[in-house]
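Data file: data.pdb. Format and content: PDB, C-alpha atoms.
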ATOM      1  CA  MET A   1     122.420  40.956 137.097
ATOM      2  CA  CYS A   2     121.222  37.360 137.430
ATOM      3  CA  SER A   3     119.542  37.222 134.015
ATOM      4  CA  GLY A   4     122.527  38.875 132.343
ATOM      5  CA  SER A   5     125.113  36.530 133.816
ATOM      6  CA  THR A   6     122.935  33.479 133.144
ATOM      7  CA  ILE A   7     122.514  34.171 129.435
ATOM      8  CA  TYR A   8     126.067  35.463 129.025
ATOM      9  CA  ARG A   9     127.445  32.147 130.266
ATOM     10  CA  SER A  10     125.152  30.326 127.831
ATOM     11  CA  LEU A  11     126.387  32.477 124.944
ATOM     12  CA  ILE A  12     130.005  31.730 125.859
ATOM     13  CA  GLU A  13     129.378  27.985 126.277
ATOM     14  CA  SER A  14     127.644  27.820 122.882
ATOM     15  CA  GLN A  15     130.899  28.835 121.163
ATOM     16  CA  LEU A  16     128.990  30.954 118.642
ATOM     17  CA  LYS A  17     130.957  33.790 117.113
ATOM     18  CA  ALA A  18     130.350  37.070 115.336
ATOM     19  CA  GLY A  19     128.229  36.586 112.223
ATOM     20  CA  ASP A  20     126.533  33.419 113.504
ATOM     21  CA  TRP A  21     122.743  33.173 113.751
ATOM     22  CA  ALA A  22     121.421  33.157 117.345
ATOM     23  CA  VAL A  23     117.714  32.446 117.858
ATOM     24  CA  PHE A  24     115.906  33.359 121.084
ATOM     25  CA  PRO A  25     112.543  31.669 121.706
ATOM     26  CA  GLY A  26     111.151  33.893 124.457
ATOM     27  CA  GLY A  27     113.470  36.707 123.391
ATOM     28  CA  GLY A  28     111.022  39.346 124.585
ATOM     29  CA  GLY A  29     111.177  38.176 128.193
ATOM     30  CA  GLY A  30     113.557  38.955 131.056
ATOM     31  CA  VAL A  31     116.431  36.589 130.270
ATOM     32  CA  GLY A  32     115.701  36.617 126.538
ATOM     33  CA  HIS A  33     115.989  40.354 126.045
ATOM     34  CA  MET A  34     119.325  40.312 127.894
ATOM     35  CA  GLY A  35     120.467  37.590 125.508
ATOM     36  CA  VAL A  36     119.432  39.626 122.482
ATOM     37  CA  GLN A  37     121.484  42.596 123.685
ATOM     38  CA  LEU A  38     124.551  40.538 124.548
ATOM     39  CA  ALA A  39     124.430  38.516 121.327
ATOM     40  CA  LYS A  40     124.198  41.727 119.290
ATOM     41  CA  ALA A  41     127.138  43.203 121.228
ATOM     42  CA  MET A  42     129.101  40.041 120.403
ATOM     43  CA  GLY A  43     128.355  40.492 116.693
ATOM     44  CA  MET A  44     125.802  37.711 116.274
ATOM     45  CA  ARG A  45     122.802  37.898 113.978
ATOM     46  CA  VAL A  46     119.699  37.685 116.162
ATOM     47  CA  ILE A  47     116.222  36.277 115.571
ATOM     48  CA  VAL A  48     113.641  36.694 118.328
ATOM     49  CA  ILE A  49     110.666  34.343 118.612
ATOM     50  CA  ASP A  50     107.836  35.624 120.781
ATOM     51  CA  GLY A  51     104.223  36.756 120.539
ATOM     52  CA  GLY A  52     102.534  40.115 120.217
ATOM     53  CA  GLU A  53     103.230  43.637 119.073
ATOM     54  CA  GLU A  54     104.765  44.690 122.391
ATOM     55  CA  LYS A  55     107.427  41.982 122.067
ATOM     56  CA  ARG A  56     107.949  42.885 118.395
ATOM     57  CA  LYS A  57     108.509  46.514 119.316
ATOM     58  CA  LEU A  58     110.990  45.583 122.060
ATOM     59  CA  SER A  59     112.870  43.317 119.640
ATOM     60  CA  GLU A  60     113.107  46.114 117.099
ATOM     61  CA  GLU A  61     114.338  48.541 119.781
ATOM     62  CA  LEU A  62     117.028  46.007 120.730
ATOM     63  CA  ASP A  63     118.037  45.798 117.056
ATOM     64  CA  ALA A  64     117.179  42.131 116.505
ATOM     65  CA  GLU A  65     117.567  41.334 112.831
ATOM     66  CA  HIS A  66     114.248  39.464 112.681
ATOM     67  CA  PHE A  67     111.162  38.893 114.811
ATOM     68  CA  VAL A  68     108.956  35.822 114.391
ATOM     69  CA  ASP A  69     105.540  36.030 116.018
ATOM     70  CA  PHE A  70     104.743  32.408 116.845
ATOM     71  CA  SER A  71     101.007  33.177 116.800
ATOM     72  CA  LYS A  72     101.087  34.507 113.236
ATOM     73  CA  VAL A  73     103.159  31.971 111.303
ATOM     74  CA  GLU A  74     102.250  28.472 110.268
ATOM     75  CA  SER A  75     105.669  27.043 111.172
ATOM     76  CA  VAL A  76     108.171  28.847 113.380
ATOM     77  CA  GLU A  77     110.820  26.316 112.410
ATOM     78  CA  GLN A  78     110.352  26.870 108.676
ATOM     79  CA  GLU A  79     110.344  30.640 109.167
ATOM     80  CA  VAL A  80     113.717  30.477 110.940
ATOM     81  CA  ILE A  81     115.138  28.194 108.251
ATOM     82  CA  LYS A  82     113.994  30.686 105.602
ATOM     83  CA  LEU A  83     115.429  33.690 107.472
ATOM     84  CA  THR A  84     118.812  31.975 107.778
ATOM     85  CA  GLY A  85     119.157  31.352 104.059
ATOM     86  CA  GLY A  86     117.802  27.806 104.194
ATOM     87  CA  LYS A  87     120.548  26.519 106.479
ATOM     88  CA  GLY A  88     119.173  27.041 109.994
ATOM     89  CA  ALA A  89     120.613  28.777 113.034
ATOM     90  CA  HIS A  90     124.001  28.182 114.590
ATOM     91  CA  GLY A  91     122.431  28.318 118.042
ATOM     92  CA  VAL A  92     119.015  28.382 119.691
ATOM     93  CA  PHE A  93     118.879  29.832 123.207
ATOM     94  CA  VAL A  94     115.600  28.630 124.680
ATOM     95  CA  THR A  95     114.673  31.293 127.220
ATOM     96  CA  ALA A  96     110.939  30.533 126.992
ATOM     97  CA  THR A  97     109.529  28.172 129.596
ATOM     98  CA  SER A  98     107.201  26.319 127.218
ATOM     99  CA  GLY A  99     107.609  22.726 126.196
ATOM    100  CA  ALA A 100     106.776  23.748 122.623
ATOM    101  CA  ALA A 101     109.903  25.932 122.500
ATOM    102  CA  TYR A 102     112.062  22.962 123.442
ATOM    103  CA  LYS A 103     110.318  20.674 120.994
ATOM    104  CA  SER A 104     110.896  23.031 118.065
ATOM    105  CA  ALA A 105     114.442  24.194 118.910
ATOM    106  CA  PRO A 106     116.384  21.330 117.244
ATOM    107  CA  MET A 107     114.368  21.760 114.047
ATOM    108  CA  MET A 108     115.633  25.351 113.671
ATOM    109  CA  LEU A 109     119.315  24.377 113.674
ATOM    110  CA  ARG A 110     121.818  23.809 110.929
ATOM    111  CA  THR A 111     124.045  20.739 111.109
ATOM    112  CA  GLY A 112     126.361  21.110 114.099
ATOM    113  CA  GLY A 113     124.191  23.790 115.746
ATOM    114  CA  ALA A 114     123.650  24.024 119.493
ATOM    115  CA  VAL A 115     120.498  24.152 121.596
ATOM    116  CA  MET A 116     121.167  25.996 124.851
ATOM    117  CA  CYS A 117     118.647  25.238 127.607
ATOM    118  CA  VAL A 118     118.098  28.354 129.695
ATOM    119  CA  GLY A 119     114.395  28.640 130.636
ATOM    120  CA  LEU A 120     113.066  25.340 131.912
ATOM    121  CA  PRO A 121     109.408  24.322 131.616
ATOM    122  CA  PRO A 122     107.533  23.751 134.890
ATOM    123  CA  SER A 123     107.125  20.022 134.199
TER     124      SER A 123
END
Show me this structure written as structure tokens.
Amino acid sequence: MCSGSTIYRSLIESQLKAGDWAVFPGGGGGVGHMGVQLAKAMGMRVIVIDGGEEKRKLSEELDAEHFVDFSKVESVEQEVIKLTGGKGAHGVFVTATSGAAYKSAPMMLRTGGAVMCVGLPPS
């Protein structure tokens, strides 16, 4: 319940709408996978960023449009830009708790896009 209501509020506050690109760094985790499901139910196009085959499989089961394995691409940011037709995402919902996720989030956005801070790094 807590993870669902937390990410739902973030989705609402972002003002994204059906058809918009929503990117979830950490999308294979507890809050992230709830975000993927809710964003899909709201009609958004979802990209999950996470690592490993287990997270890929979960993302596919949740019907994410794309999965980017951060450990297998040279540039996560460039991969997201490519997947969104060269324009970038409308919103990035950082559910990962890594500083790297926060550092890269703005570089995945199109002009006017929103970074939503959900999972905070320990320091």
Original post:
Could you tell me, as a list in words, which residues have any atom at most 9 Å from (110.0, 21.2, 132.8), counting only C-alpha atoms?
Top reply: Thr97, Ser98, Gly99, Gly119, Leu120, Pro121, Pro122 and Ser123 of chain A
**OP:** Name the residues captured by the PyMOL selection byres ((chain A and resi 51) around 9) when it is applied to the shown file; answer as number ranges by chain.
**Re:** A: 26, 28, 49-50, 52-56, 68-72
Subject >> Ground truth for the PyMOL selection byres ((chain A and resi 105) around 12), written as number ranges by chain >> reply: A: 22-26, 49, 76-78, 80-81, 88-96, 98-104, 106-110, 113-117
Output the selection as a PDB file, in the coordinates of the input - C-alpha atoms for each residue.
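Result file again.pdb:
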ATOM      1  CA  ALA A  22     121.421  33.157 117.345  1.00  0.00           C
ATOM      2  CA  VAL A  23     117.714  32.446 117.858  1.00  0.00           C
ATOM      3  CA  PHE A  24     115.906  33.359 121.084  1.00  0.00           C
ATOM      4  CA  PRO A  25     112.543  31.669 121.706  1.00  0.00           C
ATOM      5  CA  GLY A  26     111.151  33.893 124.457  1.00  0.00           C
ATOM      6  CA  ILE A  49     110.666  34.343 118.612  1.00  0.00           C
ATOM      7  CA  VAL A  76     108.171  28.847 113.380  1.00  0.00           C
ATOM      8  CA  GLU A  77     110.820  26.316 112.410  1.00  0.00           C
ATOM      9  CA  GLN A  78     110.352  26.870 108.676  1.00  0.00           C
ATOM     10  CA  VAL A  80     113.717  30.477 110.940  1.00  0.00           C
ATOM     11  CA  ILE A  81     115.138  28.194 108.251  1.00  0.00           C
ATOM     12  CA  GLY A  88     119.173  27.041 109.994  1.00  0.00           C
ATOM     13  CA  ALA A  89     120.613  28.777 113.034  1.00  0.00           C
ATOM     14  CA  HIS A  90     124.001  28.182 114.590  1.00  0.00           C
ATOM     15  CA  GLY A  91     122.431  28.318 118.042  1.00  0.00           C
ATOM     16  CA  VAL A  92     119.015  28.382 119.691  1.00  0.00           C
ATOM     17  CA  PHE A  93     118.879  29.832 123.207  1.00  0.00           C
ATOM     18  CA  VAL A  94     115.600  28.630 124.680  1.00  0.00           C
ATOM     19  CA  THR A  95     114.673  31.293 127.220  1.00  0.00           C
ATOM     20  CA  ALA A  96     110.939  30.533 126.992  1.00  0.00           C
ATOM     21  CA  SER A  98     107.201  26.319 127.218  1.00  0.00           C
ATOM     22  CA  GLY A  99     107.609  22.726 126.196  1.00  0.00           C
ATOM     23  CA  ALA A 100     106.776  23.748 122.623  1.00  0.00           C
ATOM     24  CA  ALA A 101     109.903  25.932 122.500  1.00  0.00           C
ATOM     25  CA  TYR A 102     112.062  22.962 123.442  1.00  0.00           C
ATOM     26  CA  LYS A 103     110.318  20.674 120.994  1.00  0.00           C
ATOM     27  CA  SER A 104     110.896  23.031 118.065  1.00  0.00           C
ATOM     28  CA  PRO A 106     116.384  21.330 117.244  1.00  0.00           C
ATOM     29  CA  MET A 107     114.368  21.760 114.047  1.00  0.00           C
ATOM     30  CA  MET A 108     115.633  25.351 113.671  1.00  0.00           C
ATOM     31  CA  LEU A 109     119.315  24.377 113.674  1.00  0.00           C
ATOM     32  CA  ARG A 110     121.818  23.809 110.929  1.00  0.00           C
ATOM     33  CA  GLY A 113     124.191  23.790 115.746  1.00  0.00           C
ATOM     34  CA  ALA A 114     123.650  24.024 119.493  1.00  0.00           C
ATOM     35  CA  VAL A 115     120.498  24.152 121.596  1.00  0.00           C
ATOM     36  CA  MET A 116     121.167  25.996 124.851  1.00  0.00           C
ATOM     37  CA  CYS A 117     118.647  25.238 127.607  1.00  0.00           C
TER      38      CYS A 117
END
Subject >> Nearest to Glu60 (chain A), chosen from A:Asp20, A:His33, A:Met42, A:Gly85, with all atoms listed in the file counted in the distances >> reply: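 Ranked by minimum distance to Glu60 (chain A), first place goes to A:His33.
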First collect every listed atom of region 112-122 of chain A; then fit an axis-aligned box around them, widen it by 5 Å on each side, and give centre and edge lengths in Å to one decimal, as AutoDock Vina command-line options.
--center_x 116.9 --center_y 24.9 --center_z 124.5 --size_x 28.8 --size_y 17.5 --size_z 30.8
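In this model, the gap between CA of Val46 (chain A) and CA of Ala64 (chain A) comes to 5.1 Å.
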